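Asks: Sharing a structure, written as C-alpha coordinates. Questions coming.
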Amino acid sequence: MHEYSIVQALLGQVERHARQHRATAVHRLHVSIGELAGVEVPLLETAYTTFRERTLCSAADLEIHPVPASWSCPDCSREIAKGTALRCPDCGSPARLTCGDEIVLDRIEMEVS
Amino acid sequence: MCDTCGCGDPEIVPVEVQEKILSDNDHRAAHNREHFRAAGVVALNLMGSPGAGKTALLEATAAALAARAGSGYRVGAVSGDLATDRDSARLERAGIRSRSITTGTACHLDARLVHQALHHMDWRDLDYFFIENVGNLVCPAIYDLGQEANVVVLSVTEGEDKPLKYPVIFQKADLVVVTKTDLVPHLPGIDMQALRDNIAQVMPTDAVLEVSAVTGAGMADWLGWLDAFATAGAPVAAVPAVAGGEI
(Lines give C-alpha, C1' and ligand atoms only; values in the text may rest on other atoms or scores of the structure.)
Protein backbone atom coordinates (compact mmCIF):
# COMPACT_ATOMS: atom_id res chain seq x y z
CA MET A 1 0.00 0.00 0.00
CA HIS A 2 2.60 2.53 -1.05
CA GLU A 3 -0.30 4.57 -2.46
CA TYR A 4 -0.62 6.17 0.98
CA SER A 5 2.96 7.41 0.94
CA ILE A 6 2.46 8.70 -2.61
CA VAL A 7 -0.56 10.71 -1.47
CA GLN A 8 1.39 12.15 1.44
CA ALA A 9 4.12 13.24 -0.97
CA LEU A 10 1.48 14.69 -3.32
CA LEU A 11 -0.19 16.73 -0.57
CA GLY A 12 3.15 18.14 0.55
CA GLN A 13 3.98 19.05 -3.03
CA VAL A 14 0.62 20.79 -3.59
CA GLU A 15 0.96 22.72 -0.36
CA ARG A 16 4.39 23.97 -1.43
CA HIS A 17 3.11 25.19 -4.81
CA ALA A 18 -0.01 26.71 -3.27
CA ARG A 19 2.09 28.69 -0.81
CA GLN A 20 4.33 29.94 -3.60
CA HIS A 21 1.26 31.23 -5.46
CA ARG A 22 -0.42 32.55 -2.31
CA ALA A 23 -3.45 30.37 -3.03
CA THR A 24 -6.38 30.49 -0.67
CA ALA A 25 -7.84 27.16 -1.80
CA VAL A 26 -7.18 24.28 -4.18
CA HIS A 27 -9.95 23.17 -6.54
CA ARG A 28 -8.58 20.33 -8.61
CA LEU A 29 -5.41 18.29 -9.06
CA HIS A 30 -4.42 16.69 -12.35
CA VAL A 31 -2.16 13.68 -11.98
CA SER A 32 -0.77 11.24 -14.58
CA ILE A 33 -0.28 7.61 -13.61
CA GLY A 34 1.43 5.23 -16.02
CA GLU A 35 0.28 1.68 -16.63
CA LEU A 36 3.68 0.46 -15.39
CA ALA A 37 4.02 2.96 -12.55
CA GLY A 38 3.16 0.31 -9.99
CA VAL A 39 0.31 2.44 -8.66
CA GLU A 40 -3.26 1.18 -8.30
CA VAL A 41 -5.57 4.06 -9.27
CA PRO A 42 -8.53 3.02 -7.04
CA LEU A 43 -6.18 2.66 -4.05
CA LEU A 44 -4.65 6.05 -4.82
CA GLU A 45 -8.14 7.58 -4.87
CA THR A 46 -9.05 5.97 -1.54
CA ALA A 47 -5.79 7.14 0.01
CA TYR A 48 -6.40 10.65 -1.32
CA THR A 49 -9.91 10.93 0.14
CA THR A 50 -8.56 9.72 3.48
CA PHE A 51 -5.55 11.99 3.73
CA ARG A 52 -6.86 15.23 2.19
CA GLU A 53 -8.95 15.96 5.31
CA ARG A 54 -7.83 19.12 7.07
CA THR A 55 -5.38 20.02 4.31
CA LEU A 56 -5.54 22.70 1.64
CA CYS A 57 -6.93 19.96 -0.65
CA SER A 58 -9.88 19.01 1.57
CA ALA A 59 -12.37 20.09 -1.11
CA ALA A 60 -10.18 19.47 -4.17
CA ASP A 61 -11.02 16.86 -6.80
CA LEU A 62 -8.32 14.47 -7.91
CA GLU A 63 -8.35 13.89 -11.64
CA ILE A 64 -6.20 10.95 -12.66
CA HIS A 65 -5.04 10.55 -16.27
CA PRO A 66 -3.95 6.99 -16.99
CA VAL A 67 -1.02 6.64 -19.41
CA PRO A 68 -0.70 3.38 -21.36
CA ALA A 69 2.75 1.80 -21.53
CA SER A 70 4.57 2.04 -24.82
CA TRP A 71 7.89 0.47 -25.86
CA SER A 72 10.20 1.26 -28.73
CA CYS A 73 13.67 0.38 -30.01
CA PRO A 74 16.27 2.93 -28.81
CA ASP A 75 18.31 2.37 -31.98
CA CYS A 76 15.81 2.25 -34.84
CA SER A 77 12.76 3.74 -33.05
CA ARG A 78 10.53 0.87 -34.13
CA GLU A 79 7.54 0.43 -31.83
CA ILE A 80 7.58 -2.86 -29.93
CA ALA A 81 4.28 -4.50 -29.10
CA LYS A 82 3.37 -5.53 -25.57
CA GLY A 83 2.96 -9.22 -24.87
CA THR A 84 6.05 -10.19 -26.86
CA ALA A 85 9.74 -10.34 -25.93
CA LEU A 86 10.87 -6.77 -25.26
CA ARG A 87 13.54 -6.77 -27.93
CA CYS A 88 13.54 -5.12 -31.34
CA PRO A 89 12.57 -7.75 -33.94
CA ASP A 90 14.81 -5.94 -36.47
CA CYS A 91 18.03 -5.14 -34.63
CA GLY A 92 17.69 -7.13 -31.38
CA SER A 93 18.24 -4.17 -29.04
CA PRO A 94 16.48 -4.24 -25.67
CA ALA A 95 13.31 -2.14 -25.85
CA ARG A 96 13.05 1.19 -24.07
CA LEU A 97 9.92 2.27 -22.22
CA THR A 98 8.89 5.51 -23.91
CA CYS A 99 5.99 6.21 -21.57
CA GLY A 100 3.90 4.45 -18.98
CA ASP A 101 5.91 4.68 -15.75
CA GLU A 102 5.03 8.24 -14.78
CA ILE A 103 3.73 9.33 -11.37
CA VAL A 104 3.44 13.01 -12.11
CA LEU A 105 1.58 16.02 -10.75
CA ASP A 106 0.65 17.82 -13.97
CA ARG A 107 -1.43 20.78 -12.91
CA ILE A 108 -3.09 22.40 -9.91
CA GLU A 109 -6.23 24.52 -10.21
CA MET A 110 -6.03 26.93 -7.34
CA GLU A 111 -7.90 29.94 -6.04
CA VAL A 112 -5.83 33.04 -5.71
CA SER A 113 -6.80 36.24 -3.99
CA MET B 1 -10.55 38.41 -6.47
CA CYS B 2 -11.81 38.69 -10.03
CA ASP B 3 -10.77 42.14 -11.25
CA THR B 4 -12.07 41.68 -14.79
CA CYS B 5 -15.75 42.19 -14.19
CA GLY B 6 -15.78 43.09 -10.54
CA CYS B 7 -18.09 40.17 -9.65
CA GLY B 8 -16.27 39.51 -6.43
CA ASP B 9 -15.75 35.80 -7.12
CA PRO B 10 -12.34 34.37 -6.38
CA GLU B 11 -10.12 33.75 -9.39
CA ILE B 12 -9.26 30.14 -10.18
CA VAL B 13 -5.98 29.73 -12.03
CA PRO B 14 -4.44 26.59 -13.48
CA VAL B 15 -0.79 26.23 -12.46
CA GLU B 16 1.35 23.90 -14.59
CA VAL B 17 3.61 21.80 -12.38
CA GLN B 18 4.79 18.72 -14.33
CA GLU B 19 6.73 17.37 -11.38
CA LYS B 20 7.30 13.80 -10.26
CA ILE B 21 5.29 13.14 -7.12
CA LEU B 22 8.19 11.18 -5.64
CA SER B 23 10.68 13.94 -6.48
CA ASP B 24 11.62 14.34 -2.80
CA ASN B 25 12.55 10.66 -2.62
CA ASP B 26 14.41 10.91 -5.94
CA HIS B 27 16.36 13.87 -4.59
CA ARG B 28 17.35 11.94 -1.47
CA ALA B 29 18.26 8.91 -3.59
CA ALA B 30 20.52 11.06 -5.76
CA HIS B 31 22.18 12.28 -2.57
CA ASN B 32 22.75 8.66 -1.42
CA ARG B 33 24.13 7.79 -4.87
CA GLU B 34 26.61 10.67 -4.71
CA HIS B 35 27.86 9.42 -1.35
CA PHE B 36 28.16 5.81 -2.55
CA ARG B 37 30.03 6.82 -5.70
CA ALA B 38 32.31 9.23 -3.88
CA ALA B 39 33.31 6.40 -1.53
CA GLY B 40 33.67 3.90 -4.38
CA VAL B 41 30.96 1.67 -2.93
CA VAL B 42 28.71 -0.28 -5.32
CA ALA B 43 25.17 -0.21 -3.91
CA LEU B 44 22.72 -2.84 -5.10
CA ASN B 45 19.00 -2.95 -4.38
CA LEU B 46 17.94 -6.54 -3.76
CA MET B 47 14.20 -7.06 -4.18
CA GLY B 48 11.92 -10.09 -4.18
CA SER B 49 9.02 -11.82 -2.46
CA PRO B 50 9.21 -12.79 1.20
CA GLY B 51 11.06 -16.09 1.27
CA ALA B 52 12.53 -15.75 -2.24
CA GLY B 53 15.99 -16.30 -0.80
CA LYS B 54 17.43 -12.78 -0.64
CA THR B 55 19.17 -13.32 2.70
CA ALA B 56 20.30 -16.82 1.71
CA LEU B 57 21.80 -15.41 -1.50
CA LEU B 58 23.80 -12.89 0.54
CA GLU B 59 24.94 -15.58 3.00
CA ALA B 60 26.07 -17.74 0.08
CA THR B 61 27.75 -14.72 -1.51
CA ALA B 62 29.80 -14.14 1.65
CA ALA B 63 30.78 -17.82 1.76
CA ALA B 64 31.69 -17.90 -1.93
CA LEU B 65 33.79 -14.74 -1.63
CA ALA B 66 35.59 -16.13 1.42
CA ALA B 67 36.36 -19.33 -0.49
CA ARG B 68 37.71 -17.43 -3.48
CA ALA B 69 41.37 -16.67 -3.05
CA GLY B 70 42.20 -13.00 -3.26
CA SER B 71 38.64 -11.78 -3.77
CA GLY B 72 39.27 -9.06 -1.19
CA TYR B 73 35.73 -7.68 -1.31
CA ARG B 74 34.27 -6.13 1.78
CA VAL B 75 30.52 -6.60 1.81
CA GLY B 76 27.91 -4.81 3.87
CA ALA B 77 24.13 -4.71 3.92
CA VAL B 78 21.01 -3.19 5.33
CA SER B 79 17.96 -5.41 5.65
CA GLY B 80 14.45 -4.05 5.57
CA ASP B 81 11.69 -5.90 7.35
CA LEU B 82 8.41 -4.92 8.96
CA ALA B 83 9.57 -6.41 12.24
CA THR B 84 12.59 -8.15 13.84
CA ASP B 85 16.27 -7.91 13.01
CA ARG B 86 16.58 -11.61 12.20
CA ASP B 87 17.93 -11.08 8.66
CA SER B 88 20.53 -8.64 9.86
CA ALA B 89 21.64 -11.11 12.57
CA ARG B 90 21.91 -13.87 9.95
CA LEU B 91 24.06 -11.65 7.74
CA GLU B 92 26.32 -10.69 10.64
CA ARG B 93 26.87 -14.38 11.38
CA ALA B 94 27.79 -14.85 7.71
CA GLY B 95 30.44 -12.13 8.03
CA ILE B 96 28.52 -9.33 6.36
CA ARG B 97 28.56 -6.03 8.20
CA SER B 98 24.91 -5.25 8.52
CA ARG B 99 22.16 -3.21 10.05
CA SER B 100 18.42 -3.77 10.08
CA ILE B 101 15.83 -1.23 9.04
CA THR B 102 12.56 -2.00 10.77
CA THR B 103 9.83 -0.36 8.74
CA GLY B 104 6.83 -0.99 11.02
CA THR B 105 3.94 -1.01 8.58
CA ALA B 106 5.76 0.33 5.51
CA CYS B 107 5.94 -2.17 2.67
CA HIS B 108 9.12 -0.83 1.08
CA LEU B 109 12.34 1.00 1.80
CA ASP B 110 12.75 4.58 0.69
CA ALA B 111 15.83 6.74 0.23
CA ARG B 112 15.36 8.45 3.60
CA LEU B 113 15.36 5.15 5.51
CA VAL B 114 18.52 4.03 3.74
CA HIS B 115 20.19 7.36 4.41
CA GLN B 116 19.33 7.18 8.12
CA ALA B 117 20.78 3.66 8.31
CA LEU B 118 24.02 4.86 6.71
CA HIS B 119 24.45 7.28 9.60
CA HIS B 120 24.56 4.37 12.01
CA MET B 121 27.11 2.08 10.42
CA ASP B 122 30.58 2.12 8.89
CA TRP B 123 30.13 1.61 5.18
CA ARG B 124 32.63 3.83 3.34
CA ASP B 125 35.33 1.17 3.25
CA LEU B 126 33.00 -1.42 1.68
CA ASP B 127 33.19 -2.64 -1.90
CA TYR B 128 29.57 -3.79 -2.14
CA PHE B 129 26.62 -2.54 -0.19
CA PHE B 130 23.46 -4.61 -0.53
CA ILE B 131 20.16 -3.00 0.27
CA GLU B 132 17.95 -5.98 1.06
CA ASN B 133 14.50 -4.52 0.50
CA VAL B 134 11.31 -5.52 2.29
CA GLY B 135 9.98 -8.81 0.90
CA ASN B 136 7.41 -7.59 -1.63
CA LEU B 137 7.14 -7.79 -5.43
CA VAL B 138 5.15 -4.57 -5.79
CA CYS B 139 5.99 -1.48 -3.77
CA PRO B 140 9.82 -1.47 -3.58
CA ALA B 141 10.07 -1.14 -7.38
CA ILE B 142 9.08 2.50 -7.56
CA TYR B 143 11.40 3.93 -4.89
CA ASP B 144 14.90 4.88 -5.98
CA LEU B 145 17.32 4.37 -3.09
CA GLY B 146 20.56 5.53 -4.70
CA GLN B 147 21.59 2.09 -5.96
CA GLU B 148 23.70 1.35 -9.03
CA ALA B 149 21.51 -1.57 -10.03
CA ASN B 150 18.32 -3.41 -9.18
CA VAL B 151 18.53 -7.14 -8.63
CA VAL B 152 15.29 -9.12 -8.42
CA VAL B 153 15.49 -12.45 -6.62
CA LEU B 154 12.89 -14.97 -7.80
CA SER B 155 12.73 -18.50 -6.43
CA VAL B 156 11.69 -21.43 -8.59
CA THR B 157 8.97 -22.33 -6.08
CA GLU B 158 7.12 -19.09 -6.84
CA GLY B 159 6.13 -20.36 -10.27
CA GLU B 160 6.97 -19.26 -13.77
CA ASP B 161 4.12 -16.75 -14.12
CA LYS B 162 5.33 -14.27 -11.48
CA PRO B 163 7.07 -11.96 -14.02
CA LEU B 164 3.78 -11.56 -15.94
CA LYS B 165 1.83 -10.94 -12.74
CA TYR B 166 4.28 -8.39 -11.34
CA PRO B 167 5.71 -6.71 -14.46
CA VAL B 168 6.75 -3.42 -12.86
CA ILE B 169 9.49 -4.83 -10.65
CA PHE B 170 10.93 -6.94 -13.50
CA GLN B 171 10.84 -3.98 -15.87
CA LYS B 172 13.04 -2.09 -13.39
CA ALA B 173 15.45 -5.01 -12.87
CA ASP B 174 19.00 -4.98 -14.19
CA LEU B 175 19.37 -8.63 -13.26
CA VAL B 176 17.04 -11.44 -12.20
CA VAL B 177 18.59 -14.09 -9.99
CA VAL B 178 16.54 -17.28 -10.05
CA THR B 179 17.15 -19.02 -6.73
CA LYS B 180 16.57 -22.48 -5.21
CA THR B 181 17.37 -24.21 -8.49
CA ASP B 182 18.35 -27.33 -6.51
CA LEU B 183 14.60 -27.82 -5.97
CA VAL B 184 13.77 -28.02 -9.69
CA PRO B 185 13.88 -31.86 -9.80
CA HIS B 186 11.18 -31.90 -7.11
CA LEU B 187 8.91 -29.46 -8.95
CA PRO B 188 7.39 -31.28 -11.92
CA GLY B 189 5.02 -28.35 -12.53
CA ILE B 190 7.69 -25.74 -13.17
CA ASP B 191 8.54 -24.97 -16.79
CA MET B 192 11.90 -23.20 -16.79
CA GLN B 193 11.75 -22.20 -20.45
CA ALA B 194 8.36 -20.60 -19.82
CA LEU B 195 9.89 -18.69 -16.89
CA ARG B 196 12.63 -17.36 -19.16
CA ASP B 197 10.09 -16.41 -21.87
CA ASN B 198 7.91 -14.65 -19.32
CA ILE B 199 10.85 -12.62 -18.01
CA ALA B 200 11.67 -11.58 -21.60
CA GLN B 201 8.14 -10.20 -22.00
CA VAL B 202 8.50 -7.76 -19.11
CA MET B 203 12.25 -7.13 -18.82
CA PRO B 204 14.01 -5.61 -21.82
CA THR B 205 17.54 -6.87 -21.09
CA ASP B 206 16.30 -10.25 -19.78
CA ALA B 207 19.58 -10.72 -17.90
CA VAL B 208 19.00 -13.85 -15.84
CA LEU B 209 21.25 -15.96 -13.64
CA GLU B 210 20.27 -19.16 -11.87
CA VAL B 211 21.74 -20.07 -8.53
CA SER B 212 21.37 -22.42 -5.63
CA ALA B 213 22.55 -21.08 -2.29
CA VAL B 214 22.46 -24.67 -0.98
CA THR B 215 24.66 -26.39 -3.56
CA GLY B 216 26.57 -23.31 -4.71
CA ALA B 217 25.58 -23.92 -8.33
CA GLY B 218 25.65 -20.71 -10.35
CA MET B 219 27.36 -18.71 -7.62
CA ALA B 220 30.42 -18.21 -9.85
CA ASP B 221 28.22 -16.49 -12.46
CA TRP B 222 26.76 -14.25 -9.77
CA LEU B 223 30.21 -13.31 -8.48
CA GLY B 224 31.22 -12.66 -12.09
CA TRP B 225 28.32 -10.23 -12.43
CA LEU B 226 29.49 -8.46 -9.26
CA ASP B 227 33.10 -8.45 -10.51
CA ALA B 228 32.00 -6.50 -13.59
CA PHE B 229 31.27 -3.50 -11.34
CA ALA B 230 34.66 -3.68 -9.66
CA THR B 231 36.50 -3.77 -12.97
CA ALA B 232 34.30 -1.23 -14.73
CA GLY B 233 34.19 1.07 -11.70
CA ALA B 234 31.28 2.81 -13.34
CA PRO B 235 27.52 3.01 -13.18
CA VAL B 236 25.49 0.07 -14.35
CA ALA B 237 24.98 1.50 -17.83
CA ALA B 238 28.65 0.89 -18.51
CA VAL B 239 28.54 -2.66 -17.22
CA PRO B 240 27.70 -5.32 -19.76
CA ALA B 241 24.51 -7.14 -18.87
CA VAL B 242 25.22 -10.81 -18.34
CA ALA B 243 22.74 -13.12 -19.96
CA GLY B 244 22.54 -16.32 -17.97
CA GLY B 245 23.03 -19.80 -19.27
CA GLU B 246 20.15 -22.17 -19.75
CA ILE B 247 17.80 -22.15 -16.80
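A note on labels: chains of the C-alpha coordinates are A, B, ... as shown, every chain counts residues from 1, and ligands are counted from 1 in their shown order.
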Would you list which chain B residues are within 8 Å of chain A using only C-alpha atoms, as JSON, numbers by chain?

Replies: {"B": [1, 10, 11, 12, 13, 14, 15, 16, 17, 18, 19, 20, 21, 22, 24, 106, 107, 108, 138, 139, 141, 142, 167, 168, 197, 200, 201, 202, 203, 204, 205]}

Asks: Can those selected residues be exported to a file as a CSV table (one decimal), in the first residue's frame so that it contains N, CA and C atoms?

Replies:
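Output file selection.csv is given in full below:
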```csv
chain,number,residue,atom,x,y,z
B,1,MET,N,-9.2,37.9,-6.1
B,1,MET,CA,-10.5,38.4,-6.5
B,1,MET,C,-10.6,38.7,-8.0
B,10,PRO,N,-13.8,34.6,-6.4
B,10,PRO,CA,-12.3,34.4,-6.4
B,10,PRO,C,-11.9,33.9,-7.8
B,11,GLU,N,-10.6,34.1,-8.1
B,11,GLU,CA,-10.1,33.8,-9.4
B,11,GLU,C,-9.5,32.4,-9.3
B,12,ILE,N,-9.9,31.5,-10.2
B,12,ILE,CA,-9.3,30.1,-10.2
B,12,ILE,C,-8.3,30.1,-11.3
B,13,VAL,N,-7.0,29.8,-11.0
B,13,VAL,CA,-6.0,29.7,-12.0
B,13,VAL,C,-5.4,28.3,-12.1
B,14,PRO,N,-5.1,27.9,-13.4
B,14,PRO,CA,-4.4,26.6,-13.5
B,14,PRO,C,-2.9,26.8,-13.4
B,15,VAL,N,-2.2,26.1,-12.6
B,15,VAL,CA,-0.8,26.2,-12.5
B,15,VAL,C,-0.1,24.9,-13.0
B,16,GLU,N,0.6,25.1,-14.0
B,16,GLU,CA,1.3,23.9,-14.6
B,16,GLU,C,2.5,23.5,-13.7
B,17,VAL,N,2.6,22.3,-13.3
B,17,VAL,CA,3.6,21.8,-12.4
B,17,VAL,C,4.5,20.8,-13.1
B,18,GLN,N,4.0,19.7,-13.6
B,18,GLN,CA,4.8,18.7,-14.3
B,18,GLN,C,6.0,18.3,-13.5
B,19,GLU,N,5.7,17.8,-12.3
B,19,GLU,CA,6.7,17.4,-11.4
B,19,GLU,C,6.4,16.0,-10.9
B,20,LYS,N,7.5,15.1,-10.8
B,20,LYS,CA,7.3,13.8,-10.3
B,20,LYS,C,6.8,13.9,-8.8
B,21,ILE,N,5.8,13.1,-8.5
B,21,ILE,CA,5.3,13.1,-7.1
B,21,ILE,C,6.3,12.6,-6.1
B,22,LEU,N,7.2,11.7,-6.5
B,22,LEU,CA,8.2,11.2,-5.6
B,22,LEU,C,9.5,11.9,-5.8
B,24,ASP,N,10.9,14.2,-4.1
B,24,ASP,CA,11.6,14.3,-2.8
B,24,ASP,C,12.5,13.1,-2.6
B,106,ALA,N,5.4,-0.1,6.9
B,106,ALA,CA,5.8,0.3,5.5
B,106,ALA,C,6.2,-0.9,4.7
B,107,CYS,N,5.7,-1.0,3.5
B,107,CYS,CA,5.9,-2.2,2.7
B,107,CYS,C,7.2,-2.1,1.8
B,108,HIS,N,8.0,-1.0,2.0
B,108,HIS,CA,9.1,-0.8,1.1
B,108,HIS,C,10.1,0.0,1.8
B,138,VAL,N,5.9,-5.7,-5.2
B,138,VAL,CA,5.1,-4.6,-5.8
B,138,VAL,C,5.8,-3.2,-5.4
B,139,CYS,N,5.7,-2.9,-4.2
B,139,CYS,CA,6.0,-1.5,-3.8
B,139,CYS,C,7.5,-1.1,-3.9
B,141,ALA,N,9.6,-1.4,-6.0
B,141,ALA,CA,10.1,-1.1,-7.4
B,141,ALA,C,10.1,0.3,-7.7
B,142,ILE,N,9.2,1.1,-7.1
B,142,ILE,CA,9.1,2.5,-7.6
B,142,ILE,C,9.9,3.5,-6.7
B,167,PRO,N,4.8,-7.2,-13.4
B,167,PRO,CA,5.7,-6.7,-14.5
B,167,PRO,C,6.6,-5.5,-14.0
B,168,VAL,N,6.1,-4.7,-13.1
B,168,VAL,CA,6.8,-3.4,-12.9
B,168,VAL,C,8.1,-3.7,-12.3
B,197,ASP,N,10.9,-17.1,-20.9
B,197,ASP,CA,10.1,-16.4,-21.9
B,197,ASP,C,9.3,-15.3,-21.2
B,200,ALA,N,11.4,-12.4,-20.4
B,200,ALA,CA,11.7,-11.6,-21.6
B,200,ALA,C,10.5,-10.7,-22.0
B,201,GLN,N,9.3,-11.0,-21.6
B,201,GLN,CA,8.1,-10.2,-22.0
B,201,GLN,C,8.0,-8.9,-21.2
B,202,VAL,N,8.7,-8.9,-20.0
B,202,VAL,CA,8.5,-7.8,-19.1
B,202,VAL,C,9.8,-7.1,-18.8
B,203,MET,N,10.9,-7.7,-19.2
B,203,MET,CA,12.2,-7.1,-18.8
B,203,MET,C,13.1,-7.0,-20.1
B,204,PRO,N,13.4,-5.8,-20.5
B,204,PRO,CA,14.0,-5.6,-21.8
B,204,PRO,C,15.4,-6.3,-22.0
B,205,THR,N,16.2,-6.3,-20.9
B,205,THR,CA,17.5,-6.9,-21.1
B,205,THR,C,17.5,-8.4,-20.8
```

Asks: From stretch 90-160 of chain B, collect each residue whose DSSP state is alpha helix (DSSP H) and return the set as a ChimeraX atom specification.

Replies: /B:90-93,111-118

Asks: Can you tell me how far atom CA of A:Ser70 sits from atom CA of B:Asp144, in Å to one decimal?

Replies: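 Separation between atom CA of A:Ser70 and atom CA of B:Asp144: 21.7 Å.
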
Asks: How far is it from atom CA of B:Val177 to atom CA of B:Asp191, in Å with one decimal?

Replies: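 Calculated distance between atom CA of B:Val177 and atom CA of B:Asp191 is 16.3 Å.
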
Asks: List the neighbours of B:Thr61 out to 9 Å using only C-alpha atoms; skip same-chain residues closer than 3 positions along the sequence, and give me the result as a VMD selection string.

Replies: chain B and resid 56 to 58 64 to 66 213 219 222 to 223

Asks: Just the strand (DSSP E or B) stuff from stretch 30-83 of chain B, please, per backbone DSSP, written as a list in words.

Replies: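 These are the residues in question: Val42, Ala43, Leu44, Asn45, Leu46, Met47, Gly48, Val75, Gly76, Ala77, Val78, Ser79, Gly80 and Asp81 of chain B.
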
Asks: When you count only C-alpha atoms, which of these residues is closest to B:His119: B:Ala94, B:Arg99, B:Arg74, B:Asn25?

Replies: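 Checking each candidate against B:His119, we get B:Arg99 as the closest.
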
Asks: Rank B:Ala89, B:Leu46, B:Ala83, B:Ala39 by their smallest atom-to-atom distance to B:Val151, using only C-alpha atoms, and report the top residue only.

Replies: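 Looking only at the distances to B:Val151, the closest residue turns out to be B:Leu46.
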
Asks: Mind pulling up the distance from atom CA of A:Glu79 to atom CA of B:Val208?

Replies: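 Answer for the atom CA of B:Val208 to atom CA of A:Glu79 separation: 24.3 Å.
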
Asks: Using only C-alpha atoms, which residues sit within 9 Å of B:Lys162 once same-chain residues fewer than 3 positions away are excluded, as a PyMOL selection string?

Replies: chain B and resi 154+158-159+165-167+195+198-199
